[in-house]
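Participant: Contents are mmCIF, C-alpha atoms; file name my_file_24.cif:
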```cif
data_protein
loop_
_atom_site.label_atom_id
_atom_site.label_comp_id
_atom_site.auth_asym_id
_atom_site.auth_seq_id
_atom_site.Cartn_x
_atom_site.Cartn_y
_atom_site.Cartn_z
CA MET B 1 21.89 -10.23 -2.59
CA GLY B 2 20.13 -7.94 -0.11
CA LEU B 3 16.54 -7.12 0.69
CA ALA B 4 15.27 -3.99 -1.07
CA LYS B 5 13.84 -1.28 1.15
CA GLY B 6 12.03 1.92 0.24
CA ILE B 7 11.20 5.21 1.94
CA PHE B 8 7.46 4.46 1.49
CA MET B 9 6.53 0.98 0.30
CA MET B 10 3.22 0.13 -1.33
CA ASP B 11 2.07 -3.12 -2.96
CA THR B 12 -0.39 -2.18 -5.70
CA GLN B 13 -1.98 -5.63 -6.09
CA SER B 14 -2.88 -7.66 -3.03
CA TYR B 15 -5.70 -9.63 -1.45
CA ALA B 16 -6.83 -9.74 2.19
CA GLN B 17 -9.47 -12.39 1.51
CA ARG B 18 -9.28 -15.98 0.31
CA PRO B 19 -12.27 -16.74 -1.96
CA GLN B 20 -11.07 -20.32 -2.43
CA GLU B 21 -11.90 -20.80 1.26
CA GLU B 22 -15.29 -19.03 1.23
CA ASN B 23 -13.99 -15.49 1.66
CA ILE B 24 -11.89 -16.12 4.74
CA ASP B 25 -10.41 -12.97 6.26
CA ASN B 26 -6.66 -13.13 5.63
CA SER B 27 -5.88 -9.63 6.92
CA GLU B 28 -4.16 -10.77 10.13
CA MET B 29 -1.57 -12.70 8.10
CA MET B 30 -1.28 -9.77 5.70
CA LEU B 31 -0.61 -7.22 8.42
CA TYR B 32 1.99 -9.55 9.95
CA HIS B 33 3.84 -9.77 6.62
CA MET B 34 3.52 -6.01 6.12
CA ASP B 35 5.17 -5.35 9.48
CA LYS B 36 7.94 -7.86 8.84
CA TYR B 37 8.87 -6.37 5.44
CA GLY B 38 8.14 -2.72 6.15
CA VAL B 39 5.29 -2.46 3.63
CA ASN B 40 3.45 0.74 4.52
CA MET B 41 0.28 0.26 2.46
CA CYS B 42 -1.42 -2.23 0.16
CA VAL B 43 -3.97 -1.84 -2.61
CA LEU B 44 -6.71 -4.44 -2.15
CA LYS B 45 -8.06 -5.71 -5.46
CA SER B 46 -11.41 -7.29 -6.32
CA SER B 47 -12.53 -9.79 -8.93
CA VAL B 48 -15.04 -12.57 -9.43
CA GLY B 49 -15.34 -14.51 -6.17
CA TYR B 50 -14.04 -11.56 -4.14
CA SER B 51 -16.09 -8.99 -2.23
CA ASN B 52 -15.81 -5.27 -2.92
CA GLU B 53 -17.55 -4.64 0.40
CA PHE B 54 -14.99 -6.68 2.34
CA ASN B 55 -12.19 -4.54 0.91
CA ALA B 56 -14.05 -1.35 1.84
CA GLN B 57 -14.42 -2.65 5.39
CA MET B 58 -10.67 -3.32 5.56
CA VAL B 59 -9.98 0.24 4.40
CA GLN B 60 -12.31 1.65 7.07
CA LYS B 61 -10.74 -0.57 9.73
CA HIS B 62 -7.11 0.17 8.71
CA PRO B 63 -7.17 3.48 6.76
CA ASP B 64 -3.42 3.93 7.23
CA ARG B 65 -2.59 0.50 5.78
CA PHE B 66 -5.08 -0.21 2.98
CA VAL B 67 -6.73 1.40 -0.04
CA ALA B 68 -9.06 -0.49 -2.36
CA PHE B 69 -9.89 -0.87 -6.04
CA CYS B 70 -13.31 -2.10 -7.13
CA ASN B 71 -14.79 -4.16 -9.92
CA ASP B 72 -18.12 -5.60 -11.02
CA ALA B 73 -18.03 -8.46 -8.48
CA GLY B 74 -21.71 -8.08 -7.56
CA THR B 75 -22.84 -8.13 -11.18
CA GLN B 76 -20.63 -11.16 -11.81
CA GLU B 77 -22.10 -13.07 -8.87
CA LYS B 78 -25.70 -12.37 -9.88
CA SER B 79 -25.05 -13.27 -13.52
CA GLN B 80 -23.39 -16.54 -12.51
CA THR B 81 -26.49 -17.58 -10.55
CA GLY B 82 -28.85 -16.50 -13.35
CA GLU B 83 -30.41 -13.69 -11.32
CA ILE B 84 -29.52 -11.11 -13.98
CA LYS B 85 -27.92 -11.06 -17.40
CA TRP B 86 -24.38 -9.70 -17.46
CA THR B 87 -24.05 -6.58 -19.57
CA ILE B 88 -21.32 -3.98 -19.73
CA LYS B 89 -23.95 -1.38 -18.77
CA ASN B 90 -24.72 -3.24 -15.54
CA ALA B 91 -21.01 -3.68 -14.80
CA ALA B 92 -20.22 -0.01 -15.44
CA LYS B 93 -23.17 1.10 -13.30
CA GLU B 94 -21.95 -1.01 -10.37
CA ILE B 95 -18.39 0.30 -10.65
CA ASP B 96 -19.61 3.90 -10.96
CA GLY B 97 -21.67 3.52 -7.80
CA LEU B 98 -18.78 2.00 -5.86
CA LEU B 99 -16.39 4.77 -6.87
CA SER B 100 -19.00 7.36 -5.93
CA SER B 101 -19.04 5.96 -2.38
CA GLY B 102 -15.53 7.31 -1.77
CA HIS B 103 -14.23 3.96 -0.49
CA TYR B 104 -12.24 3.08 -3.62
CA ARG B 105 -9.27 4.63 -5.46
CA GLY B 106 -9.39 2.81 -8.80
CA ILE B 107 -10.78 0.03 -10.98
CA GLY B 108 -9.36 -3.49 -11.01
CA GLU B 109 -8.09 -6.20 -10.83
CA GLY B 110 -9.25 -6.68 -14.36
CA MET B 111 -11.44 -5.17 -17.06
CA ALA B 112 -15.06 -6.21 -16.49
CA ARG B 113 -16.17 -8.99 -18.82
CA ASP B 114 -18.92 -11.58 -19.20
CA ARG B 115 -17.81 -14.81 -17.53
CA THR B 116 -21.02 -16.78 -18.10
CA PRO B 117 -20.74 -19.74 -20.51
CA LYS B 118 -21.38 -18.73 -24.11
CA LYS B 119 -20.94 -20.21 -27.55
CA ALA B 120 -19.94 -17.19 -29.61
CA LEU B 121 -16.50 -15.66 -29.32
CA ILE B 122 -16.14 -11.93 -28.90
CA SER B 123 -14.44 -9.73 -31.49
CA TRP B 124 -11.92 -7.04 -30.59
CA ASP B 125 -14.27 -4.33 -31.87
CA GLU B 126 -16.99 -5.52 -29.50
CA ARG B 127 -14.56 -5.92 -26.62
CA LEU B 128 -13.13 -2.44 -27.21
CA ASP B 129 -16.63 -0.97 -26.91
CA GLN B 130 -16.97 -2.71 -23.54
CA ILE B 131 -13.59 -1.46 -22.35
CA CYS B 132 -14.48 2.10 -23.37
CA GLU B 133 -17.53 1.94 -21.06
CA ILE B 134 -15.22 1.22 -18.13
CA MET B 135 -12.68 3.80 -19.21
CA GLU B 136 -15.42 6.45 -19.31
CA VAL B 137 -16.21 5.65 -15.67
CA ALA B 138 -12.52 5.97 -14.80
CA ARG B 139 -12.32 9.30 -16.63
CA LYS B 140 -15.38 10.55 -14.71
CA HIS B 141 -13.81 9.68 -11.36
CA LYS B 142 -10.25 10.64 -12.36
CA CYS B 143 -8.88 7.29 -11.23
CA PRO B 144 -6.57 4.63 -12.68
CA VAL B 145 -7.56 1.31 -14.22
CA SER B 146 -5.55 -1.89 -13.82
CA TYR B 147 -5.97 -5.16 -15.67
CA HIS B 148 -4.12 -8.44 -16.08
CA THR B 149 -1.44 -9.03 -18.69
CA GLY B 150 0.28 -12.38 -18.94
CA ILE B 151 -0.78 -16.00 -19.10
CA PRO B 152 -0.60 -18.12 -15.93
CA ILE B 153 0.98 -21.54 -16.39
CA GLY B 154 0.34 -24.69 -14.41
CA ALA B 155 -3.27 -23.61 -13.89
CA THR B 156 -6.32 -25.76 -14.53
CA TRP B 157 -8.70 -22.81 -14.96
CA LEU B 158 -10.47 -23.88 -18.14
CA ASP B 159 -12.29 -20.55 -18.43
CA MET B 160 -8.99 -18.68 -18.60
CA ALA B 161 -7.41 -21.24 -20.92
CA ARG B 162 -10.32 -21.08 -23.37
CA SER B 163 -10.63 -17.32 -23.24
CA ARG B 164 -6.98 -16.73 -24.01
CA ALA B 165 -6.66 -19.48 -26.59
CA HIS B 166 -9.74 -18.34 -28.52
CA ALA B 167 -9.53 -14.57 -28.07
CA GLU B 168 -12.59 -14.44 -25.84
CA MET B 169 -10.72 -12.11 -23.52
CA CYS B 170 -8.78 -10.15 -26.11
CA ASP B 171 -7.18 -7.53 -23.89
CA ASN B 172 -5.63 -10.03 -21.47
CA GLY B 173 -4.46 -12.34 -24.20
CA ASN B 174 -2.69 -9.65 -26.26
CA PRO B 175 -1.15 -6.71 -24.33
CA LEU B 176 -0.50 -4.85 -27.60
CA LEU B 177 -4.23 -4.10 -27.83
CA CYS B 178 -3.70 -1.65 -24.98
CA HIS B 179 -2.15 0.72 -27.54
CA GLU B 180 -5.63 1.57 -28.81
CA VAL B 181 -7.15 2.02 -25.35
CA ALA B 182 -4.28 4.19 -24.12
CA ALA B 183 -4.48 6.39 -27.21
CA LEU B 184 -8.25 6.87 -26.80
CA TYR B 185 -7.92 7.77 -23.10
CA PRO B 186 -4.59 9.59 -22.64
CA ASP B 187 -5.87 11.23 -19.43
CA VAL B 188 -6.65 7.91 -17.67
CA PRO B 189 -3.71 6.09 -16.04
CA ILE B 190 -3.55 2.42 -17.04
CA ILE B 191 -1.59 -0.04 -14.91
CA MET B 192 -0.69 -3.21 -16.80
CA SER B 193 -0.84 -5.67 -13.90
CA HIS B 194 2.18 -7.96 -13.59
CA GLY B 195 3.83 -6.34 -16.61
CA GLY B 196 3.35 -9.53 -18.65
CA ILE B 197 4.60 -11.89 -15.92
CA GLU B 198 1.42 -13.15 -14.24
CA SER B 199 2.53 -16.31 -12.47
CA SER B 200 3.70 -17.22 -15.94
CA GLY B 201 7.00 -18.81 -15.02
CA TYR B 202 9.93 -17.96 -17.25
CA TYR B 203 7.89 -17.08 -20.38
CA MET B 204 8.54 -13.51 -21.53
CA ASP B 205 6.46 -12.93 -24.68
CA ASP B 206 3.83 -10.79 -22.94
CA TYR B 207 6.50 -8.91 -20.99
CA GLU B 208 8.05 -7.64 -24.22
CA LYS B 209 4.64 -6.52 -25.49
CA CYS B 210 3.97 -4.64 -22.26
CA LEU B 211 7.28 -2.78 -22.62
CA ASN B 212 6.27 -1.79 -26.14
CA VAL B 213 3.00 -0.28 -24.89
CA ALA B 214 4.47 1.48 -21.85
CA ALA B 215 7.21 3.06 -23.97
CA SER B 216 4.58 4.52 -26.31
CA HIS B 217 2.12 6.20 -23.94
CA ASP B 218 2.55 8.61 -21.04
CA ASN B 219 -0.45 7.13 -19.23
CA VAL B 220 0.65 3.48 -19.19
CA PHE B 221 2.46 2.04 -16.16
CA LEU B 222 3.84 -1.44 -15.54
CA GLU B 223 3.33 -3.42 -12.37
CA THR B 224 6.51 -5.36 -11.64
CA GLY B 225 6.23 -7.37 -8.42
CA GLN B 226 6.55 -10.79 -10.08
CA TRP B 227 9.57 -9.76 -12.17
CA TRP B 228 12.96 -11.29 -11.46
CA ALA B 229 15.91 -8.89 -11.34
CA GLU B 230 16.99 -9.16 -14.98
CA LEU B 231 13.57 -8.03 -16.23
CA TYR B 232 14.03 -4.57 -14.70
CA GLU B 233 17.15 -3.80 -16.73
CA LYS B 234 15.61 -3.09 -20.15
CA PRO B 235 12.76 -0.77 -18.99
CA LEU B 236 15.07 1.10 -16.60
CA LEU B 237 17.42 1.83 -19.51
CA ASP B 238 14.58 2.82 -21.84
CA PRO B 239 14.20 6.64 -21.76
CA ASN B 240 10.49 6.23 -22.55
CA ILE B 241 9.88 4.05 -19.48
CA GLY B 242 12.43 4.37 -16.68
CA ALA B 243 11.76 4.13 -12.95
CA LYS B 244 8.89 6.63 -13.17
CA LYS B 245 6.66 4.17 -15.09
CA LEU B 246 7.16 1.10 -12.84
CA VAL B 247 5.01 0.23 -9.81
CA TRP B 248 5.54 -2.60 -7.36
CA GLY B 249 2.65 -5.05 -6.99
CA THR B 250 3.00 -8.76 -6.30
CA GLY B 251 -0.42 -10.38 -6.02
CA TRP B 252 0.19 -11.08 -2.30
CA GLY B 253 -2.62 -13.16 -0.83
CA GLN B 254 -3.04 -15.56 -3.72
CA ASN B 255 -2.05 -19.03 -2.60
CA ASN B 256 -1.04 -20.14 -6.11
CA LEU B 257 2.10 -17.94 -6.27
CA THR B 258 4.41 -20.81 -5.48
CA GLN B 259 8.09 -20.27 -6.27
CA GLN B 260 10.00 -22.63 -8.52
CA TRP B 261 13.76 -23.15 -8.65
CA MET B 262 16.02 -23.72 -11.68
CA PRO B 263 19.66 -23.62 -10.46
CA GLY B 264 22.05 -22.26 -13.08
CA GLU B 265 19.28 -20.84 -15.28
CA VAL B 266 17.87 -17.35 -15.81
CA PRO B 267 15.66 -16.88 -13.94
CA THR B 268 16.94 -19.02 -11.12
CA THR B 269 13.65 -18.61 -9.26
CA TYR B 270 10.23 -17.55 -10.51
CA ASN B 271 6.53 -17.72 -9.62
CA SER B 272 4.09 -20.13 -11.20
CA THR B 273 1.29 -22.47 -10.25
CA ASN B 274 2.32 -26.09 -9.76
CA ILE B 275 -0.73 -28.27 -10.28
CA TYR B 276 1.10 -31.27 -8.83
CA ASP B 277 1.88 -29.63 -5.48
CA ASP B 278 -0.99 -28.77 -3.15
CA GLN B 279 -0.01 -25.57 -1.34
CA SER B 280 -3.59 -24.40 -0.76
CA LYS B 281 -3.00 -23.76 2.96
CA LEU B 282 0.34 -22.01 2.50
CA GLN B 283 0.65 -18.24 2.19
CA PRO B 284 3.61 -17.97 -0.23
CA ASP B 285 6.18 -15.38 0.83
CA VAL B 286 6.14 -13.46 -2.44
CA TRP B 287 7.31 -10.21 -0.76
CA GLY B 288 10.50 -11.83 0.49
CA TRP B 289 11.24 -13.17 -2.99
CA SER B 290 10.30 -9.99 -4.85
CA LEU B 291 12.30 -7.71 -2.56
CA ARG B 292 15.37 -9.96 -2.85
CA GLU B 293 15.11 -9.71 -6.65
CA LEU B 294 14.87 -5.92 -6.43
CA GLY B 295 17.82 -6.00 -4.02
CA ARG B 296 20.00 -7.36 -6.83
CA LEU B 297 19.65 -4.07 -8.74
CA ASN B 298 22.44 -1.54 -8.37
CA ILE B 299 20.35 1.54 -9.11
CA PRO B 300 19.97 4.90 -7.32
CA GLN B 301 17.92 4.57 -4.14
CA ASP B 302 15.68 7.43 -5.27
CA ASP B 303 14.72 5.39 -8.35
CA LEU B 304 14.04 2.36 -6.16
CA ASN B 305 11.86 4.54 -3.94
CA LEU B 306 9.73 5.49 -6.96
CA ILE B 307 9.23 1.84 -7.94
CA LEU B 308 8.44 0.63 -4.43
CA GLY B 309 5.88 3.29 -3.60
CA GLY B 310 6.43 6.75 -5.01
CA ASN B 311 4.74 6.19 -8.35
CA ALA B 312 1.77 4.42 -6.74
CA ALA B 313 1.34 7.17 -4.16
CA TYR B 314 1.26 9.72 -6.97
CA LEU B 315 -1.26 7.81 -9.10
CA LEU B 316 -3.59 7.04 -6.18
CA LYS B 317 -3.26 10.45 -4.49
CA ILE B 318 -1.97 8.90 -1.26
CA GLU B 319 -1.14 11.28 1.57
CA THR B 320 2.40 10.28 2.53
CA PRO B 321 3.80 10.70 6.08
CA VAL B 322 6.02 13.58 4.85
CA ALA B 323 5.27 15.91 1.94
CA TYR B 324 5.48 13.92 -1.30
CA ASN B 325 8.05 16.19 -2.94
CA ARG B 326 10.32 15.80 0.08
CA LEU B 327 10.23 11.99 -0.08
CA PHE B 328 10.47 11.40 -3.83
CA LYS B 329 12.57 12.94 -6.56
CA ALA B 330 10.86 15.09 -9.17
CA VAL B 331 10.16 13.40 -12.51
CA ASP B 332 8.49 14.62 -15.68
CA ARG B 333 4.91 13.36 -15.52
CA LYS B 334 2.27 14.05 -18.15
CA VAL B 335 -0.62 12.19 -16.57
#
```
How would this structure read if it were set down as structure tokens?
Facilitator:
Amino acid sequence: MGLAKGIFMMDTQSYAQRPQEENIDNSEMMLYHMDKYGVNMCVLKSSVGYSNEFNAQMVQKHPDRFVAFCNDAGTQEKSQTGEIKWTIKNAAKEIDGLLSSGHYRGIGEGMARDRTPKKALISWDERLDQICEIMEVARKHKCPVSYHTGIPIGATWLDMARSRAHAEMCDNGNPLLCHEVAALYPDVPIIMSHGGIESSGYYMDDYEKCLNVAASHDNVFLETGQWWAELYEKPLLDPNIGAKKLVWGTGWGQNNLTQQWMPGEVPTTYNSTNIYDDQSKLQPDVWGWSLRELGRLNIPQDDLNLILGGNAAYLLKIETPVAYNRLFKAVDRKV
């Protein structure tokens, strides 16, 4: 088993800050890992507890290493403290303003939603209306949207557990709902973060649903960085997915991506949170693991190059060191 390498490598989901430790700058560790593994660029994501502005500063400081996505982090923070009421209008306005600044390339890590405590559960019709507000902003700025798919295990996040169990966060809890969003916005690229394997151990239900969606829409892409090797086989053989619809993105920077080991099983190793093992100070080496899993695939190098960076560079309009069509093979794209 070797270590996968690519002609231009880009992690599409990463974090250079540690909100669990009061927004500590983790970029020095990140750049060290990038140099060790030959990762050319990373997409810095934002969510509740993270700072959009911090990510923009990292992009300005290291424009050749980082690009950033944005989300409604400011609206979330103010609504949590009671300063304002969270509304999808406020969230969309914040995201629109951030994208207009020119410091961000997309929307994510997740679809904006109300995280304040509430009694009533949200219906899919109401949630779809909210999602459409964000998708309209993405259409305006001609940028992709990414959001989480998959259910973390071993986590004590009661908000996430309740929202998924009671359909409060419909789109995360059921990847098949993306069919409707993708059909309504065929011109907006959608990246299904983690491709159904979001620190979810060896559970594959959401993975299968993500394949179903990606195979049905030209504008849907799957992020694959937490997949073990066997999970790549089915989408690579599917003529409606293939290497051109897969993007590498691991969630590097999250300290809960601890790796578990099951000798003799499939998968032998996988990522999940272990609530009985305090690894809060460790920076898990998810790139080493992910690239070893990719290294088990006997596929054309040009396909591997698309997965590891070519598709992301295309979607995010990244200026590559050499002309794009000289680095990456031509594929039929309709988005």
Participant: From (-3.3, 6.8, -29.1), in the file's coordinates, out to 12 Å: which residues are reached, counting all atoms listed in the file? Answer as an NGL selection string.
Facilitator: :B and (177-188 or 213-214 or 216-220)
Participant: Take atom CA of Gly201 of chain B and atom CA of Asp238 of chain B and report the distance between them in Å, one decimal.
Facilitator: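 Atom-to-atom, atom CA of Gly201 of chain B to atom CA of Asp238 of chain B, that is 23.9 Å.
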Participant: At a cut-off of 10 Å, using all atoms listed in the file, what residues contact Gln80 of chain B? Leave out same-chain residues fewer than 2 positions from it and give the result as a list in words.
Facilitator: Val48, Gly74, Thr75, Gln76, Glu77, Lys78, Gly82, Glu83, Ile84, Lys85, Trp86, Asp114, Arg115, Thr116 and Pro117 of chain B
Participant: Separation of atom CA of Asn311 of chain B and atom CA of Val43 of chain B, in Å?
Facilitator: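 Result for atom CA of Asn311 of chain B versus atom CA of Val43 of chain B: 13.2 Å, one decimal.
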Participant: If you measure from atom CA of Pro175 of chain B to atom CA of Asp303 of chain B, what distance in Å do you get, rounded to one decimal?
Facilitator: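 These two atoms are separated by 25.6 Å.
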Participant: Compile the contact shell of segment 244-256 of chain B as a PyMOL selection string: residues with an atom at most 6 Å away, counting all atoms listed in the file, same-chain residues fewer than 2 positions apart removed.
Facilitator: chain B and resi 11-15+221-226+241-242+258+273+280+283+307-308
Participant: Please write the residues picked by the PyMOL selection byres ((chain B and resi 234) around 12) on this file as a ChimeraX atom specification.
Facilitator: /B:207-208,210-212,215,229-233,235-243,246
Participant: Could you make a table, as a tab-separated table, of the residues of segment 185-221 of chain B that have an atom within 7 Å of an atom of segment 144-151 of chain B, each with its nearest atom pair and distance in Å to one decimal, counting all atoms listed in the file, in chain and number order?
Facilitator:
```
residue	atom	partner	partner_atom	distance
B:Val188	CA	B:Pro144	CA	6.0
B:Pro189	CA	B:Pro144	CA	4.6
B:Ile190	CA	B:Val145	CA	5.0
B:Ile191	CA	B:Ser146	CA	4.5
B:Met192	CA	B:Tyr147	CA	5.7
B:Ser193	CA	B:His148	CA	4.8
B:His194	CA	B:Thr149	CA	6.3
B:Gly195	CA	B:Thr149	CA	6.3
B:Gly196	CA	B:Gly150	CA	4.2
B:Ile197	CA	B:Gly150	CA	5.3
B:Glu198	CA	B:Gly150	CA	4.9
B:Ser200	CA	B:Ile151	CA	5.6
B:Asp206	CA	B:Gly150	CA	5.6
```
Participant: Which residue out of B:Ser46, B:Gln259, B:Asn274, B:Thr81 has the minimum interatomic distance to Gly108 of chain B when all atoms listed in the file are used?
Facilitator: B:Ser46
Participant: Select all residues near (9.4, -20.0, -11.8) (cut-off 7 Å, inclusive, file coordinates), counting only C-alpha atoms, and output them as a list in words.
Facilitator: Gly201, Tyr202, Gln259, Gln260, Trp261, Thr269, Tyr270, Asn271 and Ser272 of chain B
Participant: Between B:Lys93, B:Lys61, B:Arg326, B:His33, which is the closest to Asp285 of chain B once you count only C-alpha atoms?
Facilitator: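 The answer is B:His33, which sits nearest to Asp285 of chain B.
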Participant: Which of these, B:Val335, B:Ile153, B:Val59, B:Cys143, has the shortest distance to Ala16 of chain B once you count all atoms listed in the file?
Facilitator: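 Looking only at the distances to Ala16 of chain B, the closest residue turns out to be B:Val59.
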Participant: List the spatial neighbours of Leu99 of chain B as a PyMOL selection string - criterion: any atom at most 10 Å away, all atoms listed in the file, same-chain residues fewer than 6 positions off excluded.
Facilitator: chain B and resi 69-71+105-107+137-138+140-141+143
Participant: Could you list, as a list of chain:residue names, every residue matched by the PyMOL selection byres ((chain B and resi 128-131) around 8) in this structure?
Facilitator: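 Against this file, the PyMOL selection byres ((chain B and resi 128-131) around 8) returns the residues B:Ile88, B:Met111, B:Ala112, B:Arg113, B:Trp124, B:Asp125, B:Glu126, B:Arg127, B:Cys132, B:Glu133, B:Ile134, B:Met135, B:Val181.
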Participant: Pick the closest to Arg18 of chain B from B:Tyr314, B:Trp287, B:Trp228, B:Phe54: which is it, counting all atoms listed in the file?
Facilitator: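 Of the candidates, the smallest distance to Arg18 of chain B is held by B:Phe54.
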Participant: For each of B:Ala73, B:Gln17, B:Ala330, B:Trp227, take the minimum atom-to-atom distance to Leu294 of chain B, counting only C-alpha atoms, then give the residue where this is smallest.
Facilitator: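 Going through B:Ala73, B:Gln17, B:Ala330, B:Trp227 one by one, the smallest distance to Leu294 of chain B is for B:Trp227.
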Participant: Check the smallest atom-to-atom distance from each of B:Ala56, B:Ile95, B:Met29, B:Cys42 to Asp72 of chain B using all atoms listed in the file, then report the winner.
Facilitator: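 Comparing B:Ala56, B:Ile95, B:Met29, B:Cys42 against Asp72 of chain B, the winner is B:Ile95.
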Participant: Which residues would end up in the selection if the PyMOL selection byres ((chain B and resi 325) around 12) were applied here, given that I need the answer as a VMD selection string?
Facilitator: chain B and resid 302 306 310 to 311 313 to 314 319 to 324 326 to 331
